[in-house]
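final_2.txt follows; it contains compact mmCIF, C-alpha atoms and all ligand atoms.
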# COMPACT_ATOMS: atom_id res chain seq x y z
CA MET A 887 -14.02 8.74 5.57
CA PHE A 888 -11.86 8.38 8.67
CA THR A 889 -8.50 6.73 8.68
CA VAL A 890 -6.86 5.78 11.95
CA ARG A 891 -3.26 4.97 12.71
CA LEU A 892 -2.72 1.48 14.06
CA GLU A 893 -0.51 0.70 17.02
CA ALA A 894 1.33 -2.43 18.03
CA SER A 895 -1.71 -3.46 20.07
CA ASP A 896 -3.65 -3.62 16.79
CA ARG A 897 -1.53 -6.50 15.51
CA PRO A 898 -4.38 -9.04 15.94
CA ALA A 899 -6.80 -6.83 13.95
CA LEU A 900 -4.19 -6.28 11.26
CA LEU A 901 -3.57 -10.01 11.09
CA ALA A 902 -7.30 -10.75 10.89
CA HIS A 903 -7.65 -8.30 8.00
CA LEU A 904 -4.80 -9.79 6.00
CA LEU A 905 -5.85 -13.39 6.67
CA ALA A 906 -9.33 -12.52 5.38
CA LEU A 907 -7.86 -11.81 1.95
CA GLY A 908 -8.42 -14.63 -0.51
CA ASN A 909 -5.65 -16.13 -2.60
CA GLU A 910 -6.16 -13.80 -5.54
CA ASP A 911 -6.08 -10.74 -3.30
CA ARG A 912 -2.98 -12.03 -1.52
CA ARG A 913 -1.30 -12.43 -4.89
CA LEU A 914 -2.18 -8.85 -5.82
CA ARG A 915 -1.17 -7.49 -2.42
CA PHE A 916 2.11 -9.33 -1.93
CA GLY A 917 3.04 -10.30 -5.48
CA PHE A 918 2.51 -13.98 -4.72
CA VAL A 919 -0.02 -16.12 -2.86
CA ALA A 920 1.24 -15.57 0.66
CA ARG A 921 0.57 -18.42 3.05
CA ASP A 922 -1.02 -17.79 6.44
CA SER A 923 2.30 -18.50 8.14
CA SER A 924 4.05 -15.89 5.98
CA ILE A 925 1.41 -13.30 6.73
CA LYS A 926 1.69 -14.03 10.45
CA ARG A 927 5.42 -13.47 10.26
CA TYR A 928 4.95 -10.29 8.25
CA VAL A 929 2.59 -8.89 10.90
CA GLN A 930 4.72 -10.10 13.77
CA ASP A 931 7.81 -8.39 12.32
CA MET A 932 6.07 -5.13 11.54
CA ASP A 933 7.71 -2.15 13.21
CA PHE A 934 4.91 0.20 14.23
CA ASP A 935 7.34 2.86 15.46
CA ARG A 936 9.39 3.14 12.29
CA ASP A 937 6.59 2.47 9.79
CA ALA A 938 3.03 3.73 9.70
CA VAL A 939 -0.05 1.59 9.35
CA PHE A 940 -3.42 3.19 8.71
CA GLY A 941 -6.82 1.58 8.64
CA VAL A 942 -10.46 2.23 7.95
CA HIS A 943 -12.77 0.60 10.48
CA SER A 944 -15.33 -1.98 9.48
CA THR A 945 -18.79 -0.56 9.54
CA GLY A 946 -20.88 -2.27 12.20
CA GLY A 947 -17.95 -4.36 13.40
CA GLU A 948 -17.24 -4.82 17.09
CA GLY A 949 -13.95 -3.60 18.52
CA ARG A 950 -11.00 -2.94 16.27
CA GLN A 951 -11.80 -4.47 12.90
CA PHE A 952 -10.59 -3.02 9.66
CA ASP A 953 -12.06 -3.12 6.17
CA GLY A 954 -8.99 -1.43 4.76
CA ILE A 955 -5.34 -1.27 5.74
CA THR A 956 -2.32 0.46 4.32
CA HIS A 957 1.25 -0.16 5.39
CA LEU A 958 3.68 2.65 4.77
CA ALA A 959 7.15 1.17 5.08
CA LEU A 960 9.77 3.80 5.67
CA THR A 961 13.44 4.31 5.06
CA LYS A 962 15.27 7.62 5.41
CA GLN A 963 14.29 9.04 2.04
CA GLN A 964 11.82 6.57 0.59
CA ALA A 965 8.50 5.10 1.49
CA GLU A 966 6.62 2.20 0.05
CA ILE A 967 2.90 1.65 0.26
CA GLY A 968 1.04 -1.65 0.40
CA VAL A 969 -2.74 -1.53 0.63
CA SER A 970 -5.71 -3.86 0.83
CA VAL A 971 -9.46 -3.50 1.19
CA LEU A 972 -11.77 -6.41 1.94
CA GLU A 973 -13.92 -7.41 -0.98
CA HIS A 974 -17.27 -6.38 0.51
CA ALA A 975 -15.99 -2.85 1.17
CA ARG A 976 -14.51 -2.06 -2.23
CA GLY A 977 -15.54 0.64 -4.63
CA GLN A 978 -16.33 3.16 -1.88
CA GLY A 979 -13.08 5.08 -1.99
CA ILE A 980 -11.42 3.33 0.95
CA GLY A 981 -8.35 2.30 -1.06
CA THR A 982 -7.92 5.82 -2.40
CA ALA A 983 -8.35 7.35 1.07
CA LEU A 984 -5.74 5.04 2.57
CA VAL A 985 -3.14 5.61 -0.13
CA SER A 986 -3.75 9.36 0.14
CA ARG A 987 -3.34 9.22 3.91
CA ALA A 988 -0.10 7.32 3.62
CA ALA A 989 1.19 9.73 0.96
CA VAL A 990 0.47 12.74 3.14
CA HIS A 991 2.20 11.08 6.08
CA ALA A 992 5.28 10.33 4.00
CA ARG A 993 5.38 13.84 2.67
CA ASN A 994 5.03 15.35 6.11
CA LEU A 995 7.98 13.29 7.27
CA GLY A 996 10.11 14.88 4.55
CA ILE A 997 10.37 11.73 2.49
CA ASP A 998 11.57 12.43 -1.06
CA MET A 999 10.05 9.50 -2.89
CA LEU A 1000 6.97 7.42 -2.42
CA TYR A 1001 6.45 4.27 -4.36
CA MET A 1002 4.04 1.43 -4.74
CA GLN A 1003 4.90 -1.90 -6.28
CA CYS A 1004 2.08 -3.72 -8.00
CA LEU A 1005 1.22 -6.25 -10.63
CA SER A 1006 0.59 -4.68 -14.03
CA GLU A 1007 -2.76 -6.46 -14.28
CA ASN A 1008 -4.03 -4.68 -11.15
CA GLY A 1009 -6.40 -2.17 -12.71
CA ALA A 1010 -7.83 -0.85 -9.44
CA ILE A 1011 -4.51 0.11 -7.87
CA MET A 1012 -3.28 1.61 -11.15
CA ARG A 1013 -6.35 3.78 -11.20
CA ILE A 1014 -5.76 4.90 -7.63
CA ALA A 1015 -2.10 5.64 -8.36
CA ARG A 1016 -2.90 7.73 -11.41
CA ALA A 1017 -5.71 9.55 -9.64
CA LEU A 1018 -3.18 10.62 -7.00
CA GLY A 1019 -0.72 11.88 -9.59
CA MET A 1020 1.71 9.01 -9.34
CA THR A 1021 3.80 8.07 -12.35
CA VAL A 1022 3.29 4.44 -13.30
CA VAL A 1023 6.07 2.58 -15.10
CA THR A 1024 5.31 -0.91 -16.32
CA THR A 1025 8.04 -3.47 -16.89
CA GLY A 1026 6.17 -6.60 -17.94
CA ARG A 1027 4.46 -8.35 -15.06
CA ASP A 1028 5.37 -5.68 -12.53
CA SER A 1029 4.63 -2.00 -12.34
CA GLN A 1030 6.01 0.69 -10.09
CA ALA A 1031 4.05 3.78 -9.21
CA THR A 1032 6.14 6.63 -7.88
CA LEU A 1033 5.52 10.06 -6.49
CA ALA A 1034 8.36 12.43 -5.74
CA PHE A 1035 8.07 15.43 -3.46
CA PRO A 1036 11.56 16.67 -2.70
CA GLY A 1037 11.62 19.82 -0.65
CA GLU A 1038 7.86 20.08 -0.48
CA ARG A 1039 6.19 21.68 2.49
CA ALA A 1040 4.18 19.57 4.87
CA LEU A 1041 0.48 19.17 4.22
CA ARG A 1042 -2.30 18.79 6.69
CA VAL A 1043 -4.57 15.86 6.07
CA PRO A 1044 -7.79 17.81 5.46
CA GLN A 1045 -6.03 19.86 2.82
CA MET A 1046 -4.17 17.05 1.21
CA ARG A 1047 -3.23 17.43 -2.38
CA VAL A 1048 -0.96 14.67 -3.49
CA ALA A 1049 -1.55 14.96 -7.22
CA ASP A 1050 1.52 17.07 -7.84
CA PRO A 1051 2.75 17.08 -11.42
CA ILE A 1052 6.31 16.51 -10.30
CA ALA A 1053 6.31 12.76 -10.13
CA LEU A 1054 9.44 11.20 -11.45
CA CYS A 1055 10.43 7.61 -11.81
CA ASP A 1056 13.75 6.63 -10.36
CA ALA A 1057 15.15 4.32 -12.99
CA ALA A 1058 16.60 2.16 -10.26
CA LEU A 1059 13.11 1.33 -9.11
CA CYS A 1060 12.28 -0.02 -12.53
CA ASP A 1061 14.97 -2.61 -12.31
CA THR A 1062 13.56 -4.76 -9.57
CA PRO A 1063 13.65 -8.54 -9.77
CA SER A 1064 10.47 -10.29 -10.76
CA ALA A 1065 8.92 -12.39 -8.03
CA SER A 1066 7.39 -15.68 -8.96
CA ALA A 1067 7.96 -18.11 -6.10
CA GLN A 1068 4.72 -19.31 -4.54
CA THR A 1069 6.38 -20.23 -1.28
CA GLN A 1070 8.36 -17.19 -0.33
CA SER A 1071 7.58 -14.92 2.58
CA PRO A 1072 6.38 -11.36 2.17
CA GLN A 1073 9.43 -9.29 1.32
CA PRO A 1074 10.84 -6.01 2.53
CA LEU A 1075 9.14 -2.70 2.77
CA ALA A 1076 5.41 -2.93 2.41
CA GLY A 1077 5.51 -6.62 1.66
CA HIS A 1078 5.20 -6.68 -2.12
CA ALA A 1079 7.62 -9.23 -3.52
CA GLY A 1080 8.77 -6.93 -6.31
CA ALA A 1081 9.95 -4.27 -3.89
CA THR A 1082 13.54 -3.08 -3.78
CA GLN A 1083 15.26 -4.54 -0.77
CA ASN A 1084 16.92 -1.64 0.94
CA THR A 1085 15.47 -2.03 4.40
CA VAL A 1086 14.14 -4.56 6.87
C1 LIG B 1 -6.77 -2.22 -4.90
C2 LIG B 1 -7.77 -2.08 -3.76
C3 LIG B 1 -7.02 -1.67 -2.50
C4 LIG B 1 -8.78 -0.96 -4.13
O1 LIG B 1 -9.62 -0.72 -3.02
P1 LIG B 1 -11.00 0.09 -3.18
O2 LIG B 1 -11.42 0.50 -1.83
O3 LIG B 1 -11.96 -0.69 -3.96
O4 LIG B 1 -10.52 1.36 -4.02
P2 LIG B 1 -11.36 2.67 -4.36
O5 LIG B 1 -12.81 2.42 -4.10
O6 LIG B 1 -10.75 3.83 -3.64
O7 LIG B 1 -11.05 2.93 -5.90
C5 LIG B 1 -10.83 1.92 -6.80
C6 LIG B 1 -10.80 2.54 -8.18
O8 LIG B 1 -10.41 1.51 -9.08
C7 LIG B 1 -11.46 1.30 -10.01
N1 LIG B 1 -11.47 -0.13 -10.26
C8 LIG B 1 -11.95 -1.13 -9.52
N2 LIG B 1 -11.70 -2.30 -10.10
C9 LIG B 1 -11.05 -2.03 -11.24
C10 LIG B 1 -10.53 -2.82 -12.30
N3 LIG B 1 -10.61 -4.15 -12.29
N4 LIG B 1 -9.90 -2.19 -13.33
C11 LIG B 1 -9.78 -0.85 -13.35
N5 LIG B 1 -10.24 -0.04 -12.38
C12 LIG B 1 -10.89 -0.64 -11.34
C13 LIG B 1 -12.71 1.81 -9.33
O9 LIG B 1 -13.71 2.14 -10.27
C14 LIG B 1 -12.16 3.04 -8.64
O10 LIG B 1 -11.95 4.08 -9.55
P3 LIG B 1 -12.85 5.42 -9.50
O11 LIG B 1 -12.66 5.99 -8.12
O12 LIG B 1 -12.29 6.30 -10.56
O13 LIG B 1 -14.24 4.96 -9.74
C15 LIG B 1 -8.58 -3.39 -3.52
O14 LIG B 1 -9.16 -3.77 -4.74
C16 LIG B 1 -7.73 -4.54 -2.98
O15 LIG B 1 -7.53 -4.66 -1.77
N6 LIG B 1 -7.19 -5.41 -3.86
C17 LIG B 1 -6.38 -6.55 -3.42
C18 LIG B 1 -5.01 -6.11 -2.88
C19 LIG B 1 -4.30 -5.20 -3.85
O16 LIG B 1 -4.44 -5.31 -5.05
N7 LIG B 1 -3.47 -4.29 -3.29
C20 LIG B 1 -2.71 -3.37 -4.10
C21 LIG B 1 -1.26 -3.80 -4.28
S1 LIG B 1 -0.25 -3.13 -2.98
Show the structure stored in the file as structure tokens.
Amino acid sequence: MFTVRLEASDRPALLAHLLALGNEDRRLRFGFVARDSSIKRYVQDMDFDRDAVFGVHSTGGEGRQFDGITHLALTKQQAEIGVSVLEHARGQGIGTALVSRAAVHARNLGIDMLYMQCLSENGAIMRIARALGMTVVTTGRDSQATLAFPGERALRVPQMRVADPIALCDAALCDTPSASAQTQSPQPLAGHAGATQNTV
């Protein structure tokens, strides 16, 4: 499965992918049912130089169309992943491939901590997180999956191995505010409303 890195010129394809998500998927992806206008703003504000966005192309689609997208939002020492796969393309490993790709990218940048904010009910993303060796800590409605790789050597994508048994949970990450508003915009880092707000 090939993942490609998106550029600023891919903004329309990224937007089309996110707008194709139904309400339930938007809730799982962002932590609330993001409106079209909020998603447009989220895409418009995305910094393709600082962050990394990877996608898996739609099979049979014309031009740049993506069945799966992951947004790796970066700070100096932390990275947060948000991911989505269109319904018709699920269950083929695309979500796992994208999260793996983002994890390798973060690790190669020397990032110490990778995390993923999700709703506790989200069985698919929990499964992906655990399969990749992430530690999942549940605090009620929200869960945080973390993977720490301080001082690790860079990996090359074909040899990726992100299931290191060194994952730790930063207690601070477990103390994030719960997000419930239906009208708010996608929040910092990779857009999930439960994310800590230390950038963007
Ligand atoms: C989460 C999501 C990205 C998964 O994409 P995907 O391409 O189907 O993922 P994969 O095919 O790589 O793997 C999914 C795994 O979850 C499992 N799974 C699927 N639905 C599940 C469920 N309801 N409960 C538990 N496990 C489930 C699959 O069996 C698979 O596990 P396996 O590889 O051991 O068989 C996709 O469902 C999605 O976009 N959901 C909406 C947005 C979202 O939830 N984003 C995550 C929050 S940032």
Q. Between CA of Gly946 (chain A) and atom S1 of ligand LIG 1 (chain B), what is the spacing in Å?
A.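 Here the two named atoms are 25.6 Å from each other.
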Q. At what distance in Å, to one decimal, does CA of Phe940 (chain A) lie from CA of Arg897 (chain A)?
A.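 About the pair CA of Arg897 (chain A) and CA of Phe940 (chain A): they are 12.0 Å apart.
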Q: All residues within 6 Å of ligand LIG 1 (chain B) are required, counting only C-alpha atoms and all ligand atoms; please report them as number ranges by chain.
A: A: 911, 914-915, 968-972, 976-982, 1004, 1009-1011, 1013-1014
Q: Just give me the gap between CA of His1078 (chain A) and CA of Gln1003 (chain A) in Å, one decimal is fine.
A: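 Going from CA of His1078 (chain A) over to CA of Gln1003 (chain A), I get 6.3 Å.
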Q. With all atoms listed in the file as the basis for distance, which of A:Asp1028, A:Asp998, A:Glu973, A:Glu1007 is at the shortest distance from Gly954 (chain A)?
A.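 Using all atoms listed in the file, the shortest distance to Gly954 (chain A) belongs to A:Glu973.
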Q: Have a look at A:Thr1025, A:Gln951, A:Leu901, A:Asp935 and name the one nearest to Ser923 (chain A); count all atoms listed in the file.
A: A:Leu901
**Q.** Proximity to Arg913 (chain A) - best of A:Ile925, A:Ala938, A:Ala1015, A:Ile997, only C-alpha atoms
**A.** A:Ile925
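Distances from A:Phe934, A:Phe888, A:Tyr1001, A:Phe952 to Val1023 (chain A) were compared using only C-alpha atoms, and the smallest one belongs to A:Tyr1001.
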Q | Residue nearest Asp896 (chain A) - candidates A:Arg950, A:Glu910, A:Val985, A:Gln930, atoms counted: all atoms listed in the file | A |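 Under the stated criterion, the closest residue is A:Arg950.
Counting only C-alpha atoms, the residue from A:Ala899, A:Met1012, A:Ala1031, A:Val1022 that sits nearest to Val939 (chain A) is A:Ala899.
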Q: Tell me, as a PyMOL selection string, which residues lie within 12 Å of Val929 (chain A), counting only C-alpha atoms; anything in the same chain fewer than 2 positions away does not count.
A: chain A and resi 893-905+922-927+931-934+939+957+1071-1073+1076-1077
